[in-house]
Protein chains: 2
Amino acid sequence: MARSSIKSAPEIEALISLLAKVPGLGPRSARRAALQLLKKKDALMLPLAAALSDAAEKVRACSNCGMLDAADPCTLCTIADRDDGLICVVAEVGDVWALERAGAFKGRYHVLGGVLSALDGVRPEDLRVAKLVERASAGGVREVILALSATVDGQTTSHYLTERLQPLGIVVSRLSHGVPVGGELDLLDDGTLFAALQSRRPY
Amino acid sequence: MARSSIKSAPEIEALISLLAKVPGLGPRSARRAALQLLKKKDALMLPLAAALSDAAEKVRACSNCGMLDAADPCTLCTIADRDDGLICVVAEVGDVWALERAGAFKGRYHVLGGVLSALDGVRPEDLRVAKLVERASAGGVREVILALSATVDGQTTSHYLTERLQPLGIVVSRLSHGVPVGGELDLLDDGTLFAALQSRRPY
């Protein structure tokens, strides 16, 4: 397109087309972002370029738990004041961040890298399942907590992992279902209400 | 915060906090974006870092019209098949992109870099007004089209520029107000309807 080449410099067009691929930005917001970045070269644009290169170079998946970190094994695997007898299994790195923000878990993590999915063709060997079984078999692990989404694929994965881990003599648990804290009853779906009633606790 | 330092590597935290400053991304979407970038290092993360550095280094504001380009004077100022007698004045670089996408204007542009604003303390000397008067005075310019927003600040700026340019014997015009193409009447504000009625055209 001849008109497109007049529109702006190739350097800007290249930047916009890459920004548009960043999750959360689309073609329109990528244009706005590119303009703002060009306005804030020293305050934002160059530091962002450096941070991207730096993180791309240094951050790797931990060979033990799959967490992203500059150190391998990662900080969460090596830090002293955590319970080695507890492993919390999550699908993605972002789930570890969410649990750490909540500050409710003080054991170790295992990041699967996804969940089993017949539709997307994700098989056990595509996830970090073998490493989880290896860690659980190594001794000293009392309990594995499956903190996977309550979706069909998440449940399938939980079921599969339970079948792999229980023969090792390890307690396998999952997060409870129920009313979200701060959630209103009349906005909840039937499945959650049913689960919350089933697993009711004495007051 | 000790917990925050455990949460993830400083390289990731630095990347997230910079991504969160990109317009269109917030703290939550910056986390998601950082994870996706780390998953697509070669396909997206490193090319984006390179594109940011490259554009930051090469792209400058055109000394004539204020447009962003790798060349100075910019492509739009130097390209041959455009009418030198017409200057379209816009507030921001994004406005030039919008007009170029529409393909409706074949003259030259002048990017003010904002609009006058008593509230934000933007005065004529903060904008590229002097250069506009210089370009308009240089001869050969028949008409200046003010394509500024129909906001109070935009209108104030249009009024100010008209007072500066008309004494030079130049025709000063502005974009018409009216019903947006594809817009529904009952969703329009009173001011637009009033303007559309006032400047009605024979069918």
# chains A, B, ... in the order shown; residues from 1 in each chain; ligands from 1
>>> interface_residues(of="chain B", to="chain A", cutoff="6 Å", atoms="only C-alpha atoms", output="MDAnalysis selection string")
chainID B and resid 9 11 15 18 23 33 48:49 51:53 55 69:70
>>> residues_around(residues="B:Lys131", least_positions_apart="3", cutoff="10 Å", atoms="only C-alpha atoms", output="list in words")
Ser63, Asn64, Cys65, Gly66, His110, Leu112, Leu127, Arg128, Glu134, Arg135, Ala136 and Ser137 of chain B
>>> atom_distance(atom1="atom CA of B:Val90", atom2="atom CA of B:Gly140")
19.9 Å
>>> residues_around(residues="A:Leu193", least_positions_apart="6", cutoff="12 Å", atoms="only C-alpha atoms", output="list of chain:residue names")
A:His177, A:Gly178, A:Val179, A:Pro180, A:Gly183, A:Glu184, A:Leu185, A:Asp186, A:Leu187, A:Ser199, A:Arg200
>>> residues_around(residues="stretch 115-125 of chain A", least_positions_apart="6", cutoff="12 Å", atoms="only C-alpha atoms", output="list of chain:residue names")
A:Val89, A:Val90, A:Ala91, A:Glu92, A:Lys131, A:Leu132, A:Val133, A:Leu146, A:Ala147, A:Leu148, A:Ser149, A:Ala150, A:Thr151, A:Val152, A:Asp153, A:Gly154, A:Gln155, A:Thr156, A:Thr157, A:Ser158, A:His159, A:Tyr160, A:Leu161, A:Arg164
>>> write_last_selection(atoms="N, CA, C and O atoms", output="mmCIF file, in the first residue's frame")
data_model
loop_
_atom_site.group_PDB
_atom_site.id
_atom_site.type_symbol
_atom_site.label_atom_id
_atom_site.label_comp_id
_atom_site.auth_asym_id
_atom_site.auth_seq_id
_atom_site.Cartn_x
_atom_site.Cartn_y
_atom_site.Cartn_z
ATOM 1 N N VAL A 89 0.153 -27.398 43.268
ATOM 2 C CA VAL A 89 0.242 -27.524 41.812
ATOM 3 C C VAL A 89 -0.663 -26.487 41.157
ATOM 4 O O VAL A 89 -1.860 -26.427 41.460
ATOM 5 N N VAL A 90 -0.098 -25.649 40.279
ATOM 6 C CA VAL A 90 -0.888 -24.645 39.566
ATOM 7 C C VAL A 90 -0.652 -24.790 38.072
ATOM 8 O O VAL A 90 0.309 -25.441 37.643
ATOM 9 N N ALA A 91 -1.521 -24.185 37.270
ATOM 10 C CA ALA A 91 -1.404 -24.288 35.817
ATOM 11 C C ALA A 91 -0.338 -23.326 35.287
ATOM 12 O O ALA A 91 0.496 -23.692 34.475
ATOM 13 N N GLU A 92 -0.365 -22.055 35.768
ATOM 14 C CA GLU A 92 0.487 -21.027 35.169
ATOM 15 C C GLU A 92 1.249 -20.236 36.231
ATOM 16 O O GLU A 92 0.861 -20.202 37.407
ATOM 17 N N LYS A 131 7.950 -34.372 36.063
ATOM 18 C CA LYS A 131 8.765 -33.739 37.097
ATOM 19 C C LYS A 131 8.001 -33.674 38.422
ATOM 20 O O LYS A 131 8.595 -33.839 39.503
ATOM 21 N N LEU A 132 6.670 -33.473 38.366
ATOM 22 C CA LEU A 132 5.856 -33.431 39.583
ATOM 23 C C LEU A 132 5.870 -34.798 40.268
ATOM 24 O O LEU A 132 6.090 -34.893 41.486
ATOM 25 N N VAL A 133 5.692 -35.867 39.476
ATOM 26 C CA VAL A 133 5.718 -37.224 40.034
ATOM 27 C C VAL A 133 7.088 -37.506 40.629
ATOM 28 O O VAL A 133 7.208 -38.079 41.716
ATOM 29 N N LEU A 146 -3.897 -29.540 44.700
ATOM 30 C CA LEU A 146 -4.159 -29.212 43.303
ATOM 31 C C LEU A 146 -4.951 -27.901 43.250
ATOM 32 O O LEU A 146 -6.122 -27.865 43.611
ATOM 33 N N ALA A 147 -4.293 -26.829 42.815
ATOM 34 C CA ALA A 147 -4.943 -25.513 42.749
ATOM 35 C C ALA A 147 -5.183 -25.161 41.278
ATOM 36 O O ALA A 147 -4.646 -24.193 40.751
ATOM 37 N N LEU A 148 -6.007 -25.995 40.629
ATOM 38 C CA LEU A 148 -6.309 -25.780 39.207
ATOM 39 C C LEU A 148 -7.701 -25.190 39.064
ATOM 40 O O LEU A 148 -8.518 -25.277 39.973
ATOM 41 N N SER A 149 -7.968 -24.577 37.916
ATOM 42 C CA SER A 149 -9.265 -23.941 37.690
ATOM 43 C C SER A 149 -10.390 -24.955 37.765
ATOM 44 O O SER A 149 -10.201 -26.134 37.456
ATOM 45 N N ALA A 150 -11.566 -24.481 38.151
ATOM 46 C CA ALA A 150 -12.735 -25.352 38.244
ATOM 47 C C ALA A 150 -13.440 -25.437 36.897
ATOM 48 O O ALA A 150 -14.654 -25.363 36.812
ATOM 49 N N THR A 151 -12.643 -25.577 35.840
ATOM 50 C CA THR A 151 -13.190 -25.763 34.496
ATOM 51 C C THR A 151 -13.126 -27.247 34.149
ATOM 52 O O THR A 151 -12.534 -28.029 34.888
ATOM 53 N N VAL A 152 -13.707 -27.624 33.013
ATOM 54 C CA VAL A 152 -13.679 -29.035 32.624
ATOM 55 C C VAL A 152 -12.238 -29.504 32.482
ATOM 56 O O VAL A 152 -11.845 -30.544 33.016
ATOM 57 N N ASP A 153 -11.417 -28.710 31.760
ATOM 58 C CA ASP A 153 -10.025 -29.109 31.567
ATOM 59 C C ASP A 153 -9.262 -29.142 32.886
ATOM 60 O O ASP A 153 -8.437 -30.035 33.118
ATOM 61 N N GLY A 154 -9.514 -28.155 33.754
ATOM 62 C CA GLY A 154 -8.850 -28.128 35.066
ATOM 63 C C GLY A 154 -9.213 -29.341 35.893
ATOM 64 O O GLY A 154 -8.346 -29.986 36.497
ATOM 65 N N GLN A 155 -10.511 -29.701 35.885
ATOM 66 C CA GLN A 155 -10.983 -30.857 36.656
ATOM 67 C C GLN A 155 -10.396 -32.151 36.111
ATOM 68 O O GLN A 155 -10.008 -33.040 36.866
ATOM 69 N N THR A 156 -10.346 -32.253 34.761
ATOM 70 C CA THR A 156 -9.759 -33.439 34.126
ATOM 71 C C THR A 156 -8.315 -33.603 34.563
ATOM 72 O O THR A 156 -7.856 -34.696 34.902
ATOM 73 N N THR A 157 -7.580 -32.480 34.564
ATOM 74 C CA THR A 157 -6.178 -32.511 34.955
ATOM 75 C C THR A 157 -6.043 -32.929 36.417
ATOM 76 O O THR A 157 -5.181 -33.751 36.769
ATOM 77 N N SER A 158 -6.897 -32.371 37.288
ATOM 78 C CA SER A 158 -6.864 -32.729 38.709
ATOM 79 C C SER A 158 -7.102 -34.225 38.885
ATOM 80 O O SER A 158 -6.402 -34.896 39.651
ATOM 81 N N HIS A 159 -8.085 -34.739 38.145
ATOM 82 C CA HIS A 159 -8.415 -36.155 38.237
ATOM 83 C C HIS A 159 -7.226 -37.016 37.798
ATOM 84 O O HIS A 159 -6.844 -37.973 38.482
ATOM 85 N N TYR A 160 -6.626 -36.634 36.678
ATOM 86 C CA TYR A 160 -5.470 -37.376 36.155
ATOM 87 C C TYR A 160 -4.312 -37.367 37.155
ATOM 88 O O TYR A 160 -3.704 -38.395 37.445
ATOM 89 N N LEU A 161 -4.021 -36.197 37.719
ATOM 90 C CA LEU A 161 -2.893 -36.087 38.652
ATOM 91 C C LEU A 161 -3.162 -36.889 39.916
ATOM 92 O O LEU A 161 -2.240 -37.510 40.475
ATOM 93 N N ARG A 164 -2.299 -40.379 39.365
ATOM 94 C CA ARG A 164 -0.851 -40.605 39.299
ATOM 95 C C ARG A 164 -0.202 -40.522 40.677
ATOM 96 O O ARG A 164 0.777 -41.205 40.957
#
>>> select_by_dssp(residues="stretch 66-157 of chain B", states="strand (DSSP E)", output="list in words")
Leu68, Asp69, Asp83, Asp84, Gly85, Leu86, Ile87, Cys88, Val89, Val90, Gly107, Arg108, Tyr109, His110, Val111, Glu143, Val144, Ile145 and Leu146 of chain B
>>> residues_around(residues="B:Gly169", least_positions_apart="2", cutoff="10 Å", atoms="only C-alpha atoms", output="mmCIF file with N, CA and C atoms, in the first residue's frame")
data_model
loop_
_atom_site.group_PDB
_atom_site.id
_atom_site.type_symbol
_atom_site.label_atom_id
_atom_site.label_comp_id
_atom_site.auth_asym_id
_atom_site.auth_seq_id
_atom_site.Cartn_x
_atom_site.Cartn_y
_atom_site.Cartn_z
ATOM 1 N N ALA B 136 3.010 30.146 7.373
ATOM 2 C CA ALA B 136 1.902 30.818 6.681
ATOM 3 C C ALA B 136 2.358 32.135 6.055
ATOM 4 N N SER B 137 3.350 32.788 6.676
ATOM 5 C CA SER B 137 3.830 34.079 6.179
ATOM 6 C C SER B 137 4.788 33.928 5.014
ATOM 7 N N VAL B 141 0.992 30.110 0.655
ATOM 8 C CA VAL B 141 -0.079 29.439 1.402
ATOM 9 C C VAL B 141 -1.385 30.207 1.213
ATOM 10 N N ARG B 142 -2.400 29.528 0.620
ATOM 11 C CA ARG B 142 -3.692 30.157 0.377
ATOM 12 C C ARG B 142 -4.634 30.016 1.562
ATOM 13 N N GLU B 143 -4.603 28.816 2.204
ATOM 14 C CA GLU B 143 -5.622 28.518 3.198
ATOM 15 C C GLU B 143 -5.044 27.669 4.319
ATOM 16 N N LEU B 165 -3.695 34.455 12.169
ATOM 17 C CA LEU B 165 -3.455 34.151 10.761
ATOM 18 C C LEU B 165 -4.194 35.074 9.797
ATOM 19 N N GLN B 166 -5.408 35.512 10.163
ATOM 20 C CA GLN B 166 -6.196 36.331 9.233
ATOM 21 C C GLN B 166 -5.500 37.635 8.840
ATOM 22 N N PRO B 167 -4.792 38.331 9.778
ATOM 23 C CA PRO B 167 -4.089 39.556 9.369
ATOM 24 C C PRO B 167 -3.052 39.333 8.273
ATOM 25 N N VAL B 171 -6.866 32.711 4.071
ATOM 26 C CA VAL B 171 -8.180 32.158 4.396
ATOM 27 C C VAL B 171 -8.016 31.145 5.514
ATOM 28 N N VAL B 172 -8.774 31.331 6.594
ATOM 29 C CA VAL B 172 -8.740 30.362 7.695
ATOM 30 C C VAL B 172 -10.090 29.665 7.757
#
>>> residues_around(residues="B:Ala80", least_positions_apart="2", cutoff="12 Å", atoms="only C-alpha atoms", output="list of chain:residue names")
A:Ile6, B:Thr75, B:Leu76, B:Cys77, B:Thr78, B:Arg82, B:Asp83, B:Asp84, B:Lys106, B:Gly107, B:Arg108
>>> atom_distance(atom1="atom CA of B:Phe105", atom2="atom CA of B:Cys88")
8.3 Å
>>> select_by_dssp(residues="stretch 15-185 of chain B", states="alpha helix (DSSP H)", output="ChimeraX atom specification")
/B:15-19,27-39,46-58,75-78,93-102,129-137,152-165
>>> atom_distance(atom1="atom CA of B:Ile87", atom2="atom CA of B:Tyr203")
29.5 Å
